[in-house]
Structures are given as C-alpha cells and as structure tokens.
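So the structure is just underneath, and the comments pick up after that.
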Amino acid sequence: MQIQSTARPHYLEIIAITDSVTAPKLIRLVDVLANELERNSPRNILIEVRAQSRDIPLFEIFEILAHAAKRPISHTKIAYVVTGRPLPGITRFYEDIAAKRGLKIKFFTDRREALCWLGVDEKSIAA
C-alpha cells in the first residue's frame, strides 16, 4: 500500500493506493494516521483509499476499529473516501461500531461531500 499524507490549511489529507484492501493494510494506515496526528494534531482528516478490491470481512473491521480505538485519534473527525469501488451496504453499521469505540468516522464516495462534512468551505475545496 502506497500512503501519502499532506497537511492542508483546514485538514490533513491521507491518500492510500493499493490493489486490495486488507486488515493488515488498514491497520498500517491507522498507524500512519496516528503518527501524523502526533506531529500535526489536526482535528479533521480526509482519508482516500483507492482500491479495486472487494470489501473486507466484518470480523476484520472489528479488528481494525479495536486497533484504532487504542491509538490517539478519538477526538478527530475522519472522512473516509472510497474510490474505485462502491461503498459496502453496511457502512452505516461500520460507523456505528466506530462511534461505540470513540471514533468519529463517516464513509463517502464523493470527495467534495466528504470535505463539506469536515467543514471545509467551498473556497478551500476549489484551491
């Protein structure tokens, strides 16, 4: 998985490009996110995962969220943009599981919609 992070004026952008989404890759992404938060301490994060693969099993989602809950990311608003495939039908369930673990995450397929949810204004999106 190739991961690139960029500090923007109102949010931190993390783009991950991979052929497939797996639990170990997403756990690595959580670790990169946590490390960036320690260095930059932004309140808003845009994560874009570009992959063509199918969705990962539900038990692996629990494993990823349990790992994330142990990292210092609970006071951060995370917009997770899925590119290259449709959102799984149970993303709202994933969001509920995350919320119960103290994580504020919402899934999107549209980057502009995700940035609006983070509170980034139109002028910043266009720039």
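By order in the structure tokens, chains are A, B, ...; within a chain, residues start at 1; ligands start at 1, following the order shown.
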Nearby residues (only C-alpha atoms) at most 12 Å from range 100-103 of chain A, same-chain spacing under 5 positions excluded, as an MDAnalysis selection string: chainID A and resid 30 62:79 93:95
Mind writing the picked residues with N, CA, C and O atoms as a PDB file, in the first residue's frame?
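Contents of selection-v6.pdb, freshly written:
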ATOM      1  N   VAL A  30      -3.987   3.106   9.846  1.00  0.00           N
ATOM      2  CA  VAL A  30      -4.333   3.673  11.157  1.00  0.00           C
ATOM      3  C   VAL A  30      -3.071   4.145  11.877  1.00  0.00           C
ATOM      4  O   VAL A  30      -3.050   5.223  12.470  1.00  0.00           O
ATOM      5  N   PHE A  62     -13.920  -5.221  12.861  1.00  0.00           N
ATOM      6  CA  PHE A  62     -13.827  -5.135  14.323  1.00  0.00           C
ATOM      7  C   PHE A  62     -12.369  -5.055  14.772  1.00  0.00           C
ATOM      8  O   PHE A  62     -12.019  -4.278  15.650  1.00  0.00           O
ATOM      9  N   GLU A  63     -11.505  -5.849  14.154  1.00  0.00           N
ATOM     10  CA  GLU A  63     -10.078  -5.862  14.496  1.00  0.00           C
ATOM     11  C   GLU A  63      -9.443  -4.492  14.200  1.00  0.00           C
ATOM     12  O   GLU A  63      -8.697  -3.952  15.030  1.00  0.00           O
ATOM     13  N   ILE A  64      -9.758  -3.923  13.057  1.00  0.00           N
ATOM     14  CA  ILE A  64      -9.200  -2.621  12.669  1.00  0.00           C
ATOM     15  C   ILE A  64      -9.682  -1.530  13.619  1.00  0.00           C
ATOM     16  O   ILE A  64      -8.898  -0.706  14.095  1.00  0.00           O
ATOM     17  N   LEU A  65     -10.979  -1.516  13.911  1.00  0.00           N
ATOM     18  CA  LEU A  65     -11.536  -0.488  14.793  1.00  0.00           C
ATOM     19  C   LEU A  65     -11.029  -0.638  16.224  1.00  0.00           C
ATOM     20  O   LEU A  65     -10.816   0.357  16.914  1.00  0.00           O
ATOM     21  N   ALA A  66     -10.830  -1.870  16.680  1.00  0.00           N
ATOM     22  CA  ALA A  66     -10.262  -2.080  18.016  1.00  0.00           C
ATOM     23  C   ALA A  66      -8.839  -1.525  18.073  1.00  0.00           C
ATOM     24  O   ALA A  66      -8.446  -0.887  19.049  1.00  0.00           O
ATOM     25  N   HIS A  67      -8.084  -1.741  17.005  1.00  0.00           N
ATOM     26  CA  HIS A  67      -6.724  -1.197  16.942  1.00  0.00           C
ATOM     27  C   HIS A  67      -6.768   0.330  16.925  1.00  0.00           C
ATOM     28  O   HIS A  67      -6.012   0.988  17.643  1.00  0.00           O
ATOM     29  N   ALA A  68      -7.658   0.896  16.119  1.00  0.00           N
ATOM     30  CA  ALA A  68      -7.777   2.357  16.014  1.00  0.00           C
ATOM     31  C   ALA A  68      -8.171   2.985  17.344  1.00  0.00           C
ATOM     32  O   ALA A  68      -7.692   4.061  17.700  1.00  0.00           O
ATOM     33  N   ALA A  69      -9.037   2.305  18.089  1.00  0.00           N
ATOM     34  CA  ALA A  69      -9.507   2.844  19.368  1.00  0.00           C
ATOM     35  C   ALA A  69      -8.374   2.951  20.389  1.00  0.00           C
ATOM     36  O   ALA A  69      -8.447   3.756  21.317  1.00  0.00           O
ATOM     37  N   LYS A  70      -7.316   2.163  20.212  1.00  0.00           N
ATOM     38  CA  LYS A  70      -6.174   2.211  21.118  1.00  0.00           C
ATOM     39  C   LYS A  70      -5.205   3.344  20.770  1.00  0.00           C
ATOM     40  O   LYS A  70      -4.328   3.659  21.555  1.00  0.00           O
ATOM     41  N   ARG A  71      -5.375   3.914  19.582  1.00  0.00           N
ATOM     42  CA  ARG A  71      -4.490   4.996  19.133  1.00  0.00           C
ATOM     43  C   ARG A  71      -5.110   6.349  19.485  1.00  0.00           C
ATOM     44  O   ARG A  71      -6.321   6.446  19.658  1.00  0.00           O
ATOM     45  N   PRO A  72      -4.325   7.401  19.569  1.00  0.00           N
ATOM     46  CA  PRO A  72      -4.852   8.714  19.972  1.00  0.00           C
ATOM     47  C   PRO A  72      -5.563   9.454  18.828  1.00  0.00           C
ATOM     48  O   PRO A  72      -5.136  10.516  18.407  1.00  0.00           O
ATOM     49  N   ILE A  73      -6.661   8.873  18.337  1.00  0.00           N
ATOM     50  CA  ILE A  73      -7.384   9.513  17.232  1.00  0.00           C
ATOM     51  C   ILE A  73      -8.853   9.759  17.560  1.00  0.00           C
ATOM     52  O   ILE A  73      -9.623  10.157  16.707  1.00  0.00           O
ATOM     53  N   SER A  74      -9.226   9.574  18.816  1.00  0.00           N
ATOM     54  CA  SER A  74     -10.643   9.620  19.167  1.00  0.00           C
ATOM     55  C   SER A  74     -11.276  11.002  19.075  1.00  0.00           C
ATOM     56  O   SER A  74     -12.480  11.105  18.936  1.00  0.00           O
ATOM     57  N   HIS A  75     -10.514  12.075  19.138  1.00  0.00           N
ATOM     58  CA  HIS A  75     -11.100  13.414  19.075  1.00  0.00           C
ATOM     59  C   HIS A  75     -10.967  14.021  17.682  1.00  0.00           C
ATOM     60  O   HIS A  75     -10.993  15.230  17.530  1.00  0.00           O
ATOM     61  N   THR A  76     -10.816  13.166  16.704  1.00  0.00           N
ATOM     62  CA  THR A  76     -10.609  13.608  15.340  1.00  0.00           C
ATOM     63  C   THR A  76     -11.798  13.197  14.478  1.00  0.00           C
ATOM     64  O   THR A  76     -12.327  12.105  14.621  1.00  0.00           O
ATOM     65  N   LYS A  77     -12.202  14.088  13.602  1.00  0.00           N
ATOM     66  CA  LYS A  77     -13.281  13.824  12.656  1.00  0.00           C
ATOM     67  C   LYS A  77     -12.644  13.260  11.383  1.00  0.00           C
ATOM     68  O   LYS A  77     -11.797  13.919  10.774  1.00  0.00           O
ATOM     69  N   ILE A  78     -13.043  12.043  11.004  1.00  0.00           N
ATOM     70  CA  ILE A  78     -12.404  11.368   9.876  1.00  0.00           C
ATOM     71  C   ILE A  78     -13.430  11.108   8.777  1.00  0.00           C
ATOM     72  O   ILE A  78     -14.427  10.417   8.989  1.00  0.00           O
ATOM     73  N   ALA A  79     -13.167  11.668   7.594  1.00  0.00           N
ATOM     74  CA  ALA A  79     -13.961  11.385   6.404  1.00  0.00           C
ATOM     75  C   ALA A  79     -13.177  10.365   5.589  1.00  0.00           C
ATOM     76  O   ALA A  79     -12.041  10.608   5.193  1.00  0.00           O
ATOM     77  N   PHE A  93     -23.362   0.700   9.577  1.00  0.00           N
ATOM     78  CA  PHE A  93     -23.062  -0.211  10.681  1.00  0.00           C
ATOM     79  C   PHE A  93     -21.609  -0.025  11.128  1.00  0.00           C
ATOM     80  O   PHE A  93     -21.314   0.038  12.319  1.00  0.00           O
ATOM     81  N   TYR A  94     -20.680   0.088  10.153  1.00  0.00           N
ATOM     82  CA  TYR A  94     -19.273   0.349  10.483  1.00  0.00           C
ATOM     83  C   TYR A  94     -19.134   1.650  11.272  1.00  0.00           C
ATOM     84  O   TYR A  94     -18.381   1.728  12.244  1.00  0.00           O
ATOM     85  N   GLU A  95     -19.855   2.687  10.821  1.00  0.00           N
ATOM     86  CA  GLU A  95     -19.803   3.979  11.511  1.00  0.00           C
ATOM     87  C   GLU A  95     -20.310   3.873  12.941  1.00  0.00           C
ATOM     88  O   GLU A  95     -19.743   4.468  13.859  1.00  0.00           O
TER      89      GLU A  95
END
- Message: Residues of chain A classed as strand (DSSP E or B) by DSSP on the backbone are to be reported as a count of residues only.
- Response: 31
With distances taken over only C-alpha atoms, the candidate from A:Leu46, A:Val81, A:Ala34, A:Leu29 nearest His10 in chain A is A:Leu46
Requested in this report: Please provide as JSON, numbers by chain all residues within 12 Å of Ala16 in chain A, with the sequence filter that same-chain residues fewer than 3 positions apart are discarded (counting only C-alpha atoms).
Outcome: {"A": [1, 2, 3, 4, 5, 6, 13, 19, 20, 21, 25, 26, 28, 29, 30, 32, 33, 46, 47, 48, 49, 50, 51, 80, 81, 82, 83, 84]}
Taken to one decimal, the CA of Ala23 in chain A-CA of Ser53 in chain A distance is 12.5 Å
In terms of only C-alpha atoms, the residue from A:Ile45, A:Ile97, A:Ile61, A:Leu37 at minimal distance from Gly119 in chain A is A:Ile45
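Minimum atom-to-atom distances from A:Pro86, A:Phe59, A:Arg43, A:Ile27 to Lys104 in chain A were compared using only C-alpha atoms, and the lowest value belongs to A:Arg43.
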- Which neighbours of Val120 in chain A fall inside 10 Å, counting only C-alpha atoms, when residues of the same chain fewer than 5 positions from it are skipped, and could you give them as a list of chain:residue names? A:Pro9, A:His10, A:Tyr11, A:Asn44, A:Arg112, A:Glu113, A:Ala114, A:Leu115, A:Ile125
What separation in Å, quoted to one decimal, exists between CA of Ser41 in chain A and CA of Thr18 in chain A?
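Taking CA of Ser41 in chain A as the start and CA of Thr18 in chain A as the end point, the length is 25.9 Å.
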_Sel. of alpha helix (DSSP H) residues, range 5-122 of chain A, as number ranges by chain_ = A: 23-40, 58-70, 91-100, 111-117, 122
How about saving the chosen residues, C-alpha atoms kept, as a tab-separated table (two decimals), in the first residue's frame?
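Everything below was put into result-v7.tsv:
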chain	number	residue	atom	x	y	z
A	23	ALA	CA	-6.95	-5.71	7.57
A	24	PRO	CA	-3.12	-5.52	7.83
A	25	LYS	CA	-3.03	-2.69	5.27
A	26	LEU	CA	-5.76	-0.73	7.05
A	27	ILE	CA	-4.06	-1.26	10.42
A	28	ARG	CA	-0.90	0.19	8.87
A	29	LEU	CA	-3.00	3.12	7.61
A	30	VAL	CA	-4.33	3.67	11.16
A	31	ASP	CA	-0.75	3.74	12.44
A	32	VAL	CA	0.28	6.29	9.80
A	33	LEU	CA	-2.77	8.38	10.74
A	34	ALA	CA	-1.92	8.23	14.44
A	35	ASN	CA	1.69	9.24	13.77
A	36	GLU	CA	0.56	12.18	11.63
A	37	LEU	CA	-1.81	13.27	14.39
A	38	GLU	CA	1.03	13.29	16.89
A	39	ARG	CA	3.10	15.52	14.58
A	40	ASN	CA	0.38	17.85	13.23
A	58	LEU	CA	-16.84	-7.88	9.14
A	59	PHE	CA	-14.66	-9.59	11.77
A	60	GLU	CA	-11.65	-7.79	10.29
A	61	ILE	CA	-13.49	-4.46	10.58
A	62	PHE	CA	-13.83	-5.13	14.32
A	63	GLU	CA	-10.08	-5.86	14.50
A	64	ILE	CA	-9.20	-2.62	12.67
A	65	LEU	CA	-11.54	-0.49	14.79
A	66	ALA	CA	-10.26	-2.08	18.02
A	67	HIS	CA	-6.72	-1.20	16.94
A	68	ALA	CA	-7.78	2.36	16.01
A	69	ALA	CA	-9.51	2.84	19.37
A	70	LYS	CA	-6.17	2.21	21.12
A	91	THR	CA	-21.09	1.26	6.05
A	92	ARG	CA	-23.56	2.85	8.49
A	93	PHE	CA	-23.06	-0.21	10.68
A	94	TYR	CA	-19.27	0.35	10.48
A	95	GLU	CA	-19.80	3.98	11.51
A	96	ASP	CA	-21.91	2.88	14.49
A	97	ILE	CA	-19.26	0.37	15.58
A	98	ALA	CA	-16.60	3.08	15.31
A	99	ALA	CA	-18.71	5.53	17.33
A	100	LYS	CA	-19.08	2.96	20.12
A	111	ARG	CA	-14.56	13.76	-2.08
A	112	ARG	CA	-16.34	17.14	-2.16
A	113	GLU	CA	-19.14	15.80	0.03
A	114	ALA	CA	-16.57	14.43	2.48
A	115	LEU	CA	-14.78	17.78	2.70
A	116	CYS	CA	-18.08	19.59	3.26
A	117	TRP	CA	-18.85	17.16	6.12
A	122	GLU	CA	-16.05	25.69	-0.92
